[in-house]
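Below: entry_0.pdb (PDB, C-alpha atoms, pLDDT in the B column)
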ATOM      1  CA  MET A   1      25.646 -14.905 -18.041  1.00 64.00           C
ATOM      2  CA  SER A   2      25.442 -11.378 -16.602  1.00 87.00           C
ATOM      3  CA  ASP A   3      23.404 -10.035 -19.558  1.00 91.00           C
ATOM      4  CA  GLU A   4      20.995 -12.939 -19.318  1.00 92.00           C
ATOM      5  CA  LEU A   5      20.694 -12.540 -15.538  1.00 91.00           C
ATOM      6  CA  ARG A   6      20.128  -8.794 -15.922  1.00 90.00           C
ATOM      7  CA  GLU A   7      17.354  -9.453 -18.456  1.00 92.00           C
ATOM      8  CA  GLN A   8      15.732 -12.059 -16.200  1.00 91.00           C
ATOM      9  CA  PHE A   9      15.816  -9.600 -13.286  1.00 89.00           C
ATOM     10  CA  PHE A  10      14.236  -6.864 -15.414  1.00 90.00           C
ATOM     11  CA  THR A  11      11.511  -9.230 -16.639  1.00 90.00           C
ATOM     12  CA  SER A  12      10.831 -10.392 -13.075  1.00 88.00           C
ATOM     13  CA  ILE A  13      10.373  -6.798 -11.914  1.00 87.00           C
ATOM     14  CA  LEU A  14       7.871  -6.261 -14.730  1.00 87.00           C
ATOM     15  CA  HIS A  15       5.989  -9.370 -13.610  1.00 84.00           C
ATOM     16  CA  PHE A  16       5.772  -7.952 -10.099  1.00 81.00           C
ATOM     17  CA  ARG A  17       4.269  -4.796 -11.563  1.00 83.00           C
ATOM     18  CA  LYS A  18       1.735  -6.957 -13.428  1.00 83.00           C
ATOM     19  CA  LEU A  19       0.849  -8.681 -10.161  1.00 78.00           C
ATOM     20  CA  GLU A  20       0.415  -5.301  -8.470  1.00 79.00           C
ATOM     21  CA  ALA A  21      -1.794  -4.132 -11.350  1.00 79.00           C
ATOM     22  CA  ALA A  22      -3.893  -7.304 -11.064  1.00 75.00           C
ATOM     23  CA  LEU A  23      -4.329  -6.756  -7.327  1.00 73.00           C
ATOM     24  CA  SER A  24      -5.186  -3.098  -7.900  1.00 75.00           C
ATOM     25  CA  SER A  25      -7.800  -3.823 -10.539  1.00 74.00           C
ATOM     26  CA  GLU A  26      -9.258  -6.652  -8.458  1.00 67.00           C
ATOM     27  CA  CYS A  27      -9.525  -4.289  -5.474  1.00 67.00           C
ATOM     28  CA  GLU A  28     -10.662  -1.332  -7.635  1.00 74.00           C
ATOM     29  CA  MET A  29      -8.028   1.044  -6.269  1.00 83.00           C
ATOM     30  CA  GLN A  30      -4.286   1.499  -6.466  1.00 86.00           C
ATOM     31  CA  MET A  31      -2.199  -0.357  -3.873  1.00 87.00           C
ATOM     32  CA  ASN A  32      -1.024   2.897  -2.259  1.00 89.00           C
ATOM     33  CA  GLU A  33      -4.617   4.164  -2.064  1.00 91.00           C
ATOM     34  CA  MET A  34      -5.660   0.892  -0.493  1.00 89.00           C
ATOM     35  CA  ALA A  35      -2.842   0.992   2.079  1.00 89.00           C
ATOM     36  CA  ILE A  36      -3.670   4.553   3.123  1.00 92.00           C
ATOM     37  CA  LEU A  37      -7.422   3.959   3.204  1.00 92.00           C
ATOM     38  CA  HIS A  38      -6.914   0.845   5.328  1.00 88.00           C
ATOM     39  CA  SER A  39      -4.691   2.819   7.659  1.00 88.00           C
ATOM     40  CA  ILE A  40      -7.472   5.372   8.111  1.00 89.00           C
ATOM     41  CA  ALA A  41     -10.501   3.060   8.131  1.00 87.00           C
ATOM     42  CA  GLY A  42      -8.784   0.422  10.230  1.00 77.00           C
ATOM     43  CA  THR A  43      -8.218   2.795  13.131  1.00 44.00           C
ATOM     44  CA  CYS A  44     -11.597   4.490  13.021  1.00 40.00           C
ATOM     45  CA  CYS A  45     -14.148   3.372  15.555  1.00 41.00           C
ATOM     46  CA  ARG A  46     -17.232   4.778  17.260  1.00 43.00           C
ATOM     47  CA  GLU A  47     -15.268   6.049  20.253  1.00 44.00           C
ATOM     48  CA  CYS A  48     -12.606   7.672  18.073  1.00 45.00           C
ATOM     49  CA  PRO A  49     -14.114   8.526  14.680  1.00 45.00           C
ATOM     50  CA  CYS A  50     -11.030  10.271  13.295  1.00 46.00           C
ATOM     51  CA  MET A  51      -7.334   9.824  13.139  1.00 54.00           C
ATOM     52  CA  ASN A  52      -4.363  11.860  12.120  1.00 56.00           C
ATOM     53  CA  LEU A  53      -2.524   9.915   9.469  1.00 72.00           C
ATOM     54  CA  ASP A  54       1.079   9.277  10.465  1.00 75.00           C
ATOM     55  CA  VAL A  55       2.497  10.639   7.212  1.00 80.00           C
ATOM     56  CA  PRO A  56       6.197   9.892   7.926  1.00 81.00           C
ATOM     57  CA  LYS A  57       5.356   6.303   8.875  1.00 83.00           C
ATOM     58  CA  MET A  58       3.232   5.893   5.736  1.00 83.00           C
ATOM     59  CA  GLN A  59       5.980   7.452   3.581  1.00 85.00           C
ATOM     60  CA  LYS A  60       8.463   4.909   4.894  1.00 83.00           C
ATOM     61  CA  LYS A  61       6.061   1.981   4.527  1.00 83.00           C
ATOM     62  CA  LEU A  62       5.078   2.843   0.953  1.00 85.00           C
ATOM     63  CA  HIS A  63       8.394   4.406  -0.139  1.00 84.00           C
ATOM     64  CA  ILE A  64       6.637   7.524  -1.437  1.00 89.00           C
ATOM     65  CA  SER A  65       6.944  11.264  -0.882  1.00 90.00           C
ATOM     66  CA  LYS A  66       4.756  13.542   1.228  1.00 88.00           C
ATOM     67  CA  PRO A  67       3.311  15.172  -1.939  1.00 92.00           C
ATOM     68  CA  ALA A  68       2.406  11.678  -3.205  1.00 92.00           C
ATOM     69  CA  ILE A  69       0.511  11.005   0.022  1.00 91.00           C
ATOM     70  CA  SER A  70      -1.301  14.343  -0.367  1.00 91.00           C
ATOM     71  CA  TYR A  71      -2.219  13.374  -3.928  1.00 94.00           C
ATOM     72  CA  ILE A  72      -3.593  10.023  -2.735  1.00 94.00           C
ATOM     73  CA  LEU A  73      -5.583  11.732   0.024  1.00 93.00           C
ATOM     74  CA  ASN A  74      -7.046  14.106  -2.595  1.00 94.00           C
ATOM     75  CA  THR A  75      -7.974  11.099  -4.745  1.00 94.00           C
ATOM     76  CA  LEU A  76      -9.598   9.301  -1.801  1.00 94.00           C
ATOM     77  CA  GLU A  77     -11.500  12.470  -0.937  1.00 95.00           C
ATOM     78  CA  LYS A  78     -12.755  12.856  -4.530  1.00 95.00           C
ATOM     79  CA  LYS A  79     -13.973   9.245  -4.404  1.00 93.00           C
ATOM     80  CA  ASN A  80     -15.824  10.166  -1.186  1.00 95.00           C
ATOM     81  CA  TYR A  81     -13.819   7.597   0.805  1.00 94.00           C
ATOM     82  CA  ILE A  82     -12.448  10.092   3.329  1.00 93.00           C
ATOM     83  CA  THR A  83     -13.168  13.504   4.777  1.00 92.00           C
ATOM     84  CA  ARG A  84     -10.609  15.955   6.098  1.00 89.00           C
ATOM     85  CA  GLU A  85     -11.379  18.597   8.683  1.00 87.00           C
ATOM     86  CA  ILE A  86      -9.189  21.110  10.454  1.00 85.00           C
ATOM     87  CA  ASP A  87      -9.011  20.349  14.160  1.00 79.00           C
ATOM     88  CA  PRO A  88     -10.808  23.255  15.915  1.00 83.00           C
ATOM     89  CA  LYS A  89      -8.519  22.845  18.958  1.00 84.00           C
ATOM     90  CA  ASP A  90      -5.310  22.927  16.928  1.00 82.00           C
ATOM     91  CA  ARG A  91      -5.646  24.435  13.451  1.00 82.00           C
ATOM     92  CA  ARG A  92      -2.285  22.934  12.446  1.00 82.00           C
ATOM     93  CA  LYS A  93      -3.798  19.447  12.580  1.00 80.00           C
ATOM     94  CA  VAL A  94      -6.136  17.865  10.083  1.00 81.00           C
ATOM     95  CA  SER A  95      -8.459  15.082  11.179  1.00 83.00           C
ATOM     96  CA  ILE A  96      -9.000  12.407   8.564  1.00 87.00           C
ATOM     97  CA  SER A  97     -12.031  10.132   8.732  1.00 87.00           C
ATOM     98  CA  ALA A  98     -13.221   7.294   6.561  1.00 91.00           C
ATOM     99  CA  THR A  99     -16.718   7.880   5.208  1.00 93.00           C
ATOM    100  CA  PRO A 100     -19.228   5.020   5.207  1.00 94.00           C
ATOM    101  CA  GLU A 101     -18.356   4.541   1.506  1.00 94.00           C
ATOM    102  CA  GLY A 102     -14.666   4.500   2.424  1.00 92.00           C
ATOM    103  CA  LYS A 103     -15.191   1.897   5.137  1.00 91.00           C
ATOM    104  CA  THR A 104     -17.149  -0.259   2.697  1.00 92.00           C
ATOM    105  CA  ALA A 105     -14.462   0.148   0.015  1.00 91.00           C
ATOM    106  CA  ALA A 106     -11.761  -0.754   2.572  1.00 90.00           C
ATOM    107  CA  GLU A 107     -13.674  -3.850   3.673  1.00 90.00           C
ATOM    108  CA  GLU A 108     -14.376  -4.951   0.088  1.00 89.00           C
ATOM    109  CA  SER A 109     -10.810  -4.399  -1.077  1.00 87.00           C
ATOM    110  CA  MET A 110      -9.466  -6.305   1.928  1.00 87.00           C
ATOM    111  CA  LYS A 111     -11.850  -9.166   1.207  1.00 87.00           C
ATOM    112  CA  ARG A 112     -10.694  -9.347  -2.432  1.00 86.00           C
ATOM    113  CA  TYR A 113      -7.053  -9.003  -1.422  1.00 84.00           C
ATOM    114  CA  ASP A 114      -7.427 -11.803   1.158  1.00 87.00           C
ATOM    115  CA  GLU A 115      -8.989 -14.088  -1.454  1.00 88.00           C
ATOM    116  CA  LEU A 116      -6.132 -13.447  -3.881  1.00 86.00           C
ATOM    117  CA  TRP A 117      -3.545 -13.775  -1.121  1.00 88.00           C
ATOM    118  CA  SER A 118      -4.973 -17.128  -0.024  1.00 93.00           C
ATOM    119  CA  GLU A 119      -4.850 -18.455  -3.573  1.00 92.00           C
ATOM    120  CA  ILE A 120      -1.299 -17.215  -4.161  1.00 91.00           C
ATOM    121  CA  LEU A 121      -0.081 -18.605  -0.837  1.00 94.00           C
ATOM    122  CA  MET A 122      -1.761 -21.957  -1.407  1.00 96.00           C
ATOM    123  CA  GLN A 123      -0.179 -22.385  -4.836  1.00 96.00           C
ATOM    124  CA  PHE A 124       3.219 -20.785  -4.130  1.00 95.00           C
ATOM    125  CA  GLY A 125       3.664 -22.246  -0.650  1.00 96.00           C
ATOM    126  CA  GLU A 126       4.349 -20.614   2.709  1.00 96.00           C
ATOM    127  CA  GLU A 127       8.068 -21.439   2.773  1.00 97.00           C
ATOM    128  CA  ASN A 128       8.562 -20.078  -0.751  1.00 96.00           C
ATOM    129  CA  MET A 129       6.683 -16.910   0.243  1.00 95.00           C
ATOM    130  CA  LYS A 130       8.804 -16.435   3.355  1.00 96.00           C
ATOM    131  CA  GLU A 131      11.968 -16.845   1.295  1.00 97.00           C
ATOM    132  CA  LEU A 132      10.708 -14.462  -1.396  1.00 94.00           C
ATOM    133  CA  ILE A 133       9.839 -11.833   1.218  1.00 93.00           C
ATOM    134  CA  ARG A 134      13.244 -12.234   2.865  1.00 96.00           C
ATOM    135  CA  LEU A 135      15.020 -11.809  -0.474  1.00 94.00           C
ATOM    136  CA  ILE A 136      12.924  -8.787  -1.466  1.00 91.00           C
ATOM    137  CA  GLN A 137      13.633  -7.149   1.899  1.00 91.00           C
ATOM    138  CA  GLU A 138      17.333  -7.858   1.479  1.00 93.00           C
ATOM    139  CA  LEU A 139      17.276  -6.356  -2.012  1.00 90.00           C
ATOM    140  CA  ASP A 140      15.380  -3.339  -0.683  1.00 86.00           C
ATOM    141  CA  CYS A 141      18.027  -2.774   2.011  1.00 88.00           C
ATOM    142  CA  LEU A 142      20.730  -3.001  -0.621  1.00 90.00           C
ATOM    143  CA  TYR A 143      18.877  -0.493  -2.808  1.00 84.00           C
ATOM    144  CA  GLU A 144      18.565   1.894   0.148  1.00 82.00           C
ATOM    145  CA  THR A 145      22.378   2.007   0.394  1.00 86.00           C
ATOM    146  CA  PHE A 146      22.563   3.050  -3.287  1.00 83.00           C
ATOM    147  CA  SER A 147      19.964   5.790  -3.010  1.00 68.00           C
ATOM    148  CA  ARG A 148      21.539   7.690  -0.127  1.00 65.00           C
TER     149      ARG A 148
END

Now, as a test, write the supplied structure out as structure tokens.
Amino acid sequence: MSDELREQFFTSILHFRKLEAALSSECEMQMNEMAILHSIAGTCCRECPCMNLDVPKMQKKLHISKPAISYILNTLEKKNYITREIDPKDRRKVSISATPEGKTAAEESMKRYDELWSEILMQFGEENMKELIRLIQELDCLYETFSR
């Protein structure tokens, strides 16, 4: 039974990656790019056009390294979704702003994600989703104890 269970677990993980790839292609950007862009675009407003990305918080949320976040920021900048400027008052800080194209991309990707999410939730069921999330979080906590 353990070999069969191990194989089923492995296959399930691959299916999750397929789901992530489907969401990414539907939203036209990688999930990590989308999360970071939403973090930037979601906090931008007319009164406060820039934000300083909370890199440690984003690292923890996405389970990625600081260099990976820098790489994603470079990618978003190349796509003209964000701009980065050195803060003239404190040259150690970099202000990150979503461009109009970035705000549009964030809105469009969120719209597509919401449509997919609604369909998945409707078919899978809210209680099943809550249980799945609980189990994934439990597995994640267990994994964290292994990787210390």

Expected selection from the PyMOL selection byres ((chain A and resi 71-87) around 9), given as a PDB file with C-alpha atoms, in the coordinates of the input:
ATOM      1  CA  ASN A  32      -1.024   2.897  -2.259  1.00 89.00           C
ATOM      2  CA  GLU A  33      -4.617   4.164  -2.064  1.00 91.00           C
ATOM      3  CA  ILE A  36      -3.670   4.553   3.123  1.00 92.00           C
ATOM      4  CA  LEU A  37      -7.422   3.959   3.204  1.00 92.00           C
ATOM      5  CA  ILE A  40      -7.472   5.372   8.111  1.00 89.00           C
ATOM      6  CA  ALA A  41     -10.501   3.060   8.131  1.00 87.00           C
ATOM      7  CA  LYS A  66       4.756  13.542   1.228  1.00 88.00           C
ATOM      8  CA  PRO A  67       3.311  15.172  -1.939  1.00 92.00           C
ATOM      9  CA  ALA A  68       2.406  11.678  -3.205  1.00 92.00           C
ATOM     10  CA  ILE A  69       0.511  11.005   0.022  1.00 91.00           C
ATOM     11  CA  SER A  70      -1.301  14.343  -0.367  1.00 91.00           C
ATOM     12  CA  PRO A  88     -10.808  23.255  15.915  1.00 83.00           C
ATOM     13  CA  LYS A  89      -8.519  22.845  18.958  1.00 84.00           C
ATOM     14  CA  ASP A  90      -5.310  22.927  16.928  1.00 82.00           C
ATOM     15  CA  ARG A  91      -5.646  24.435  13.451  1.00 82.00           C
ATOM     16  CA  ARG A  92      -2.285  22.934  12.446  1.00 82.00           C
ATOM     17  CA  LYS A  93      -3.798  19.447  12.580  1.00 80.00           C
ATOM     18  CA  VAL A  94      -6.136  17.865  10.083  1.00 81.00           C
ATOM     19  CA  SER A  95      -8.459  15.082  11.179  1.00 83.00           C
ATOM     20  CA  ILE A  96      -9.000  12.407   8.564  1.00 87.00           C
ATOM     21  CA  SER A  97     -12.031  10.132   8.732  1.00 87.00           C
ATOM     22  CA  ALA A  98     -13.221   7.294   6.561  1.00 91.00           C
ATOM     23  CA  THR A  99     -16.718   7.880   5.208  1.00 93.00           C
ATOM     24  CA  PRO A 100     -19.228   5.020   5.207  1.00 94.00           C
ATOM     25  CA  GLU A 101     -18.356   4.541   1.506  1.00 94.00           C
ATOM     26  CA  GLY A 102     -14.666   4.500   2.424  1.00 92.00           C
ATOM     27  CA  LYS A 103     -15.191   1.897   5.137  1.00 91.00           C
ATOM     28  CA  THR A 104     -17.149  -0.259   2.697  1.00 92.00           C
ATOM     29  CA  ALA A 105     -14.462   0.148   0.015  1.00 91.00           C
ATOM     30  CA  ALA A 106     -11.761  -0.754   2.572  1.00 90.00           C
TER      31      ALA A 106
END

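Shortest atom-to-atom contact with Glu107 in chain A among A:Gln137, A:Gln59, A:Thr145, A:Ser39: A:Ser39, counting only C-alpha atoms.
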
Contacts of Glu144 in chain A at 12 Å or less, counting all atoms listed in the file, minus same-chain residues fewer than 6 places along, as an NGL selection string? :A and (60 or 63 or 137-138)

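Taking CA of Arg134 in chain A as the reference point, CA of Met29 in chain A is found at 26.7 Å.
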
Range 111-123 of chain A environment, 12 Å, all atoms listed in the file, sequence neighbours closer than 2 positions dropped, as a PDB file with C-alpha atoms, in the frame of the given file:
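out-v1.pdb, written as the output of this step:
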ATOM      1  CA  LEU A  19       0.849  -8.681 -10.161  1.00 78.00           C
ATOM      2  CA  GLU A  20       0.415  -5.301  -8.470  1.00 79.00           C
ATOM      3  CA  ALA A  22      -3.893  -7.304 -11.064  1.00 75.00           C
ATOM      4  CA  LEU A  23      -4.329  -6.756  -7.327  1.00 73.00           C
ATOM      5  CA  SER A  24      -5.186  -3.098  -7.900  1.00 75.00           C
ATOM      6  CA  SER A  25      -7.800  -3.823 -10.539  1.00 74.00           C
ATOM      7  CA  GLU A  26      -9.258  -6.652  -8.458  1.00 67.00           C
ATOM      8  CA  CYS A  27      -9.525  -4.289  -5.474  1.00 67.00           C
ATOM      9  CA  GLU A  28     -10.662  -1.332  -7.635  1.00 74.00           C
ATOM     10  CA  MET A  29      -8.028   1.044  -6.269  1.00 83.00           C
ATOM     11  CA  GLN A  30      -4.286   1.499  -6.466  1.00 86.00           C
ATOM     12  CA  MET A  31      -2.199  -0.357  -3.873  1.00 87.00           C
ATOM     13  CA  MET A  34      -5.660   0.892  -0.493  1.00 89.00           C
ATOM     14  CA  ALA A  35      -2.842   0.992   2.079  1.00 89.00           C
ATOM     15  CA  HIS A  38      -6.914   0.845   5.328  1.00 88.00           C
ATOM     16  CA  THR A 104     -17.149  -0.259   2.697  1.00 92.00           C
ATOM     17  CA  ALA A 105     -14.462   0.148   0.015  1.00 91.00           C
ATOM     18  CA  ALA A 106     -11.761  -0.754   2.572  1.00 90.00           C
ATOM     19  CA  GLU A 107     -13.674  -3.850   3.673  1.00 90.00           C
ATOM     20  CA  GLU A 108     -14.376  -4.951   0.088  1.00 89.00           C
ATOM     21  CA  SER A 109     -10.810  -4.399  -1.077  1.00 87.00           C
ATOM     22  CA  GLY A 125       3.664 -22.246  -0.650  1.00 96.00           C
ATOM     23  CA  GLU A 126       4.349 -20.614   2.709  1.00 96.00           C
ATOM     24  CA  GLU A 127       8.068 -21.439   2.773  1.00 97.00           C
ATOM     25  CA  ASN A 128       8.562 -20.078  -0.751  1.00 96.00           C
ATOM     26  CA  MET A 129       6.683 -16.910   0.243  1.00 95.00           C
ATOM     27  CA  LYS A 130       8.804 -16.435   3.355  1.00 96.00           C
ATOM     28  CA  LEU A 132      10.708 -14.462  -1.396  1.00 94.00           C
TER      29      LEU A 132
END

Å distance separating CA of Gln8 in chain A from CA of Ala21 in chain A, one decimal place: 19.8 Å

One decimal, in Å: what's the spacing between CA of Glu4 in chain A and CA of Cys141 in chain A? 23.8 Å

I need range 86-109 of chain A from the structure I supplied, saved as a PDB file, in the first residue's frame with N, CA, C and O atoms retained.
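So the final result, stored in selection_27.pdb, reads:
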ATOM      1  N   ILE A  86      14.502  55.102  -7.176  1.00  0.00           N
ATOM      2  CA  ILE A  86      15.164  55.299  -5.882  1.00  0.00           C
ATOM      3  C   ILE A  86      14.505  56.479  -5.188  1.00  0.00           C
ATOM      4  O   ILE A  86      14.278  57.531  -5.789  1.00  0.00           O
ATOM      5  N   ASP A  87      14.183  56.290  -3.929  1.00  0.00           N
ATOM      6  CA  ASP A  87      13.548  57.337  -3.130  1.00  0.00           C
ATOM      7  C   ASP A  87      14.556  58.468  -2.934  1.00  0.00           C
ATOM      8  O   ASP A  87      15.628  58.255  -2.363  1.00  0.00           O
ATOM      9  N   PRO A  88      14.254  59.688  -3.401  1.00  0.00           N
ATOM     10  CA  PRO A  88      15.217  60.794  -3.266  1.00  0.00           C
ATOM     11  C   PRO A  88      15.484  61.167  -1.803  1.00  0.00           C
ATOM     12  O   PRO A  88      16.555  61.673  -1.489  1.00  0.00           O
ATOM     13  N   LYS A  89      14.548  60.870  -0.906  1.00  0.00           N
ATOM     14  CA  LYS A  89      14.729  61.189   0.512  1.00  0.00           C
ATOM     15  C   LYS A  89      15.579  60.158   1.237  1.00  0.00           C
ATOM     16  O   LYS A  89      16.236  60.470   2.212  1.00  0.00           O
ATOM     17  N   ASP A  90      15.522  58.914   0.758  1.00  0.00           N
ATOM     18  CA  ASP A  90      16.295  57.836   1.366  1.00  0.00           C
ATOM     19  C   ASP A  90      16.742  56.895   0.256  1.00  0.00           C
ATOM     20  O   ASP A  90      15.995  56.023  -0.178  1.00  0.00           O
ATOM     21  N   ARG A  91      17.989  57.073  -0.197  1.00  0.00           N
ATOM     22  CA  ARG A  91      18.489  56.346  -1.362  1.00  0.00           C
ATOM     23  C   ARG A  91      18.580  54.835  -1.139  1.00  0.00           C
ATOM     24  O   ARG A  91      18.793  54.079  -2.073  1.00  0.00           O
ATOM     25  N   ARG A  92      18.385  54.390   0.103  1.00  0.00           N
ATOM     26  CA  ARG A  92      18.381  52.947   0.369  1.00  0.00           C
ATOM     27  C   ARG A  92      17.051  52.308  -0.026  1.00  0.00           C
ATOM     28  O   ARG A  92      16.961  51.097  -0.164  1.00  0.00           O
ATOM     29  N   LYS A  93      16.025  53.118  -0.192  1.00  0.00           N
ATOM     30  CA  LYS A  93      14.693  52.617  -0.504  1.00  0.00           C
ATOM     31  C   LYS A  93      14.393  52.754  -1.990  1.00  0.00           C
ATOM     32  O   LYS A  93      14.820  53.711  -2.628  1.00  0.00           O
ATOM     33  N   VAL A  94      13.639  51.795  -2.480  1.00  0.00           N
ATOM     34  CA  VAL A  94      13.197  51.825  -3.871  1.00  0.00           C
ATOM     35  C   VAL A  94      11.670  51.850  -3.864  1.00  0.00           C
ATOM     36  O   VAL A  94      11.034  50.999  -3.243  1.00  0.00           O
ATOM     37  N   SER A  95      11.113  52.835  -4.530  1.00  0.00           N
ATOM     38  CA  SER A  95       9.661  52.925  -4.665  1.00  0.00           C
ATOM     39  C   SER A  95       9.233  52.130  -5.889  1.00  0.00           C
ATOM     40  O   SER A  95       9.817  52.275  -6.960  1.00  0.00           O
ATOM     41  N   ILE A  96       8.230  51.314  -5.714  1.00  0.00           N
ATOM     42  CA  ILE A  96       7.730  50.478  -6.803  1.00  0.00           C
ATOM     43  C   ILE A  96       6.300  50.904  -7.090  1.00  0.00           C
ATOM     44  O   ILE A  96       5.472  50.981  -6.188  1.00  0.00           O
ATOM     45  N   SER A  97       6.031  51.196  -8.356  1.00  0.00           N
ATOM     46  CA  SER A  97       4.692  51.617  -8.769  1.00  0.00           C
ATOM     47  C   SER A  97       4.202  50.737  -9.899  1.00  0.00           C
ATOM     48  O   SER A  97       4.985  50.318 -10.745  1.00  0.00           O
ATOM     49  N   ALA A  98       2.908  50.498  -9.914  1.00  0.00           N
ATOM     50  CA  ALA A  98       2.300  49.812 -11.052  1.00  0.00           C
ATOM     51  C   ALA A  98       2.059  50.844 -12.141  1.00  0.00           C
ATOM     52  O   ALA A  98       1.591  51.950 -11.873  1.00  0.00           O
ATOM     53  N   THR A  99       2.422  50.509 -13.364  1.00  0.00           N
ATOM     54  CA  THR A  99       2.146  51.374 -14.507  1.00  0.00           C
ATOM     55  C   THR A  99       0.664  51.201 -14.879  1.00  0.00           C
ATOM     56  O   THR A  99       0.003  50.264 -14.398  1.00  0.00           O
ATOM     57  N   PRO A 100       0.149  52.058 -15.734  1.00  0.00           N
ATOM     58  CA  PRO A 100      -1.229  51.838 -16.203  1.00  0.00           C
ATOM     59  C   PRO A 100      -1.402  50.439 -16.823  1.00  0.00           C
ATOM     60  O   PRO A 100      -2.408  49.775 -16.589  1.00  0.00           O
ATOM     61  N   GLU A 101      -0.384  49.992 -17.585  1.00  0.00           N
ATOM     62  CA  GLU A 101      -0.438  48.643 -18.168  1.00  0.00           C
ATOM     63  C   GLU A 101      -0.435  47.577 -17.072  1.00  0.00           C
ATOM     64  O   GLU A 101      -1.119  46.563 -17.180  1.00  0.00           O
ATOM     65  N   GLY A 102       0.339  47.824 -16.018  1.00  0.00           N
ATOM     66  CA  GLY A 102       0.388  46.887 -14.898  1.00  0.00           C
ATOM     67  C   GLY A 102      -0.929  46.808 -14.153  1.00  0.00           C
ATOM     68  O   GLY A 102      -1.380  45.726 -13.773  1.00  0.00           O
ATOM     69  N   LYS A 103      -1.563  47.972 -13.956  1.00  0.00           N
ATOM     70  CA  LYS A 103      -2.868  47.985 -13.285  1.00  0.00           C
ATOM     71  C   LYS A 103      -3.903  47.242 -14.126  1.00  0.00           C
ATOM     72  O   LYS A 103      -4.698  46.464 -13.598  1.00  0.00           O
ATOM     73  N   THR A 104      -3.866  47.464 -15.429  1.00  0.00           N
ATOM     74  CA  THR A 104      -4.793  46.761 -16.322  1.00  0.00           C
ATOM     75  C   THR A 104      -4.537  45.262 -16.287  1.00  0.00           C
ATOM     76  O   THR A 104      -5.483  44.468 -16.199  1.00  0.00           O
ATOM     77  N   ALA A 105      -3.261  44.861 -16.352  1.00  0.00           N
ATOM     78  CA  ALA A 105      -2.913  43.438 -16.309  1.00  0.00           C
ATOM     79  C   ALA A 105      -3.359  42.821 -14.985  1.00  0.00           C
ATOM     80  O   ALA A 105      -3.867  41.695 -14.959  1.00  0.00           O
ATOM     81  N   ALA A 106      -3.188  43.550 -13.877  1.00  0.00           N
ATOM     82  CA  ALA A 106      -3.603  43.053 -12.564  1.00  0.00           C
ATOM     83  C   ALA A 106      -5.118  42.877 -12.527  1.00  0.00           C
ATOM     84  O   ALA A 106      -5.621  41.851 -12.047  1.00  0.00           O
ATOM     85  N   GLU A 107      -5.840  43.853 -13.043  1.00  0.00           N
ATOM     86  CA  GLU A 107      -7.304  43.773 -13.054  1.00  0.00           C
ATOM     87  C   GLU A 107      -7.785  42.615 -13.930  1.00  0.00           C
ATOM     88  O   GLU A 107      -8.679  41.858 -13.540  1.00  0.00           O
ATOM     89  N   GLU A 108      -7.194  42.482 -15.119  1.00  0.00           N
ATOM     90  CA  GLU A 108      -7.586  41.411 -16.037  1.00  0.00           C
ATOM     91  C   GLU A 108      -7.262  40.034 -15.464  1.00  0.00           C
ATOM     92  O   GLU A 108      -8.070  39.115 -15.563  1.00  0.00           O
ATOM     93  N   SER A 109      -6.077  39.893 -14.886  1.00  0.00           N
ATOM     94  CA  SER A 109      -5.708  38.589 -14.337  1.00  0.00           C
ATOM     95  C   SER A 109      -6.597  38.239 -13.151  1.00  0.00           C
ATOM     96  O   SER A 109      -6.985  37.088 -12.979  1.00  0.00           O
TER      97      SER A 109
END
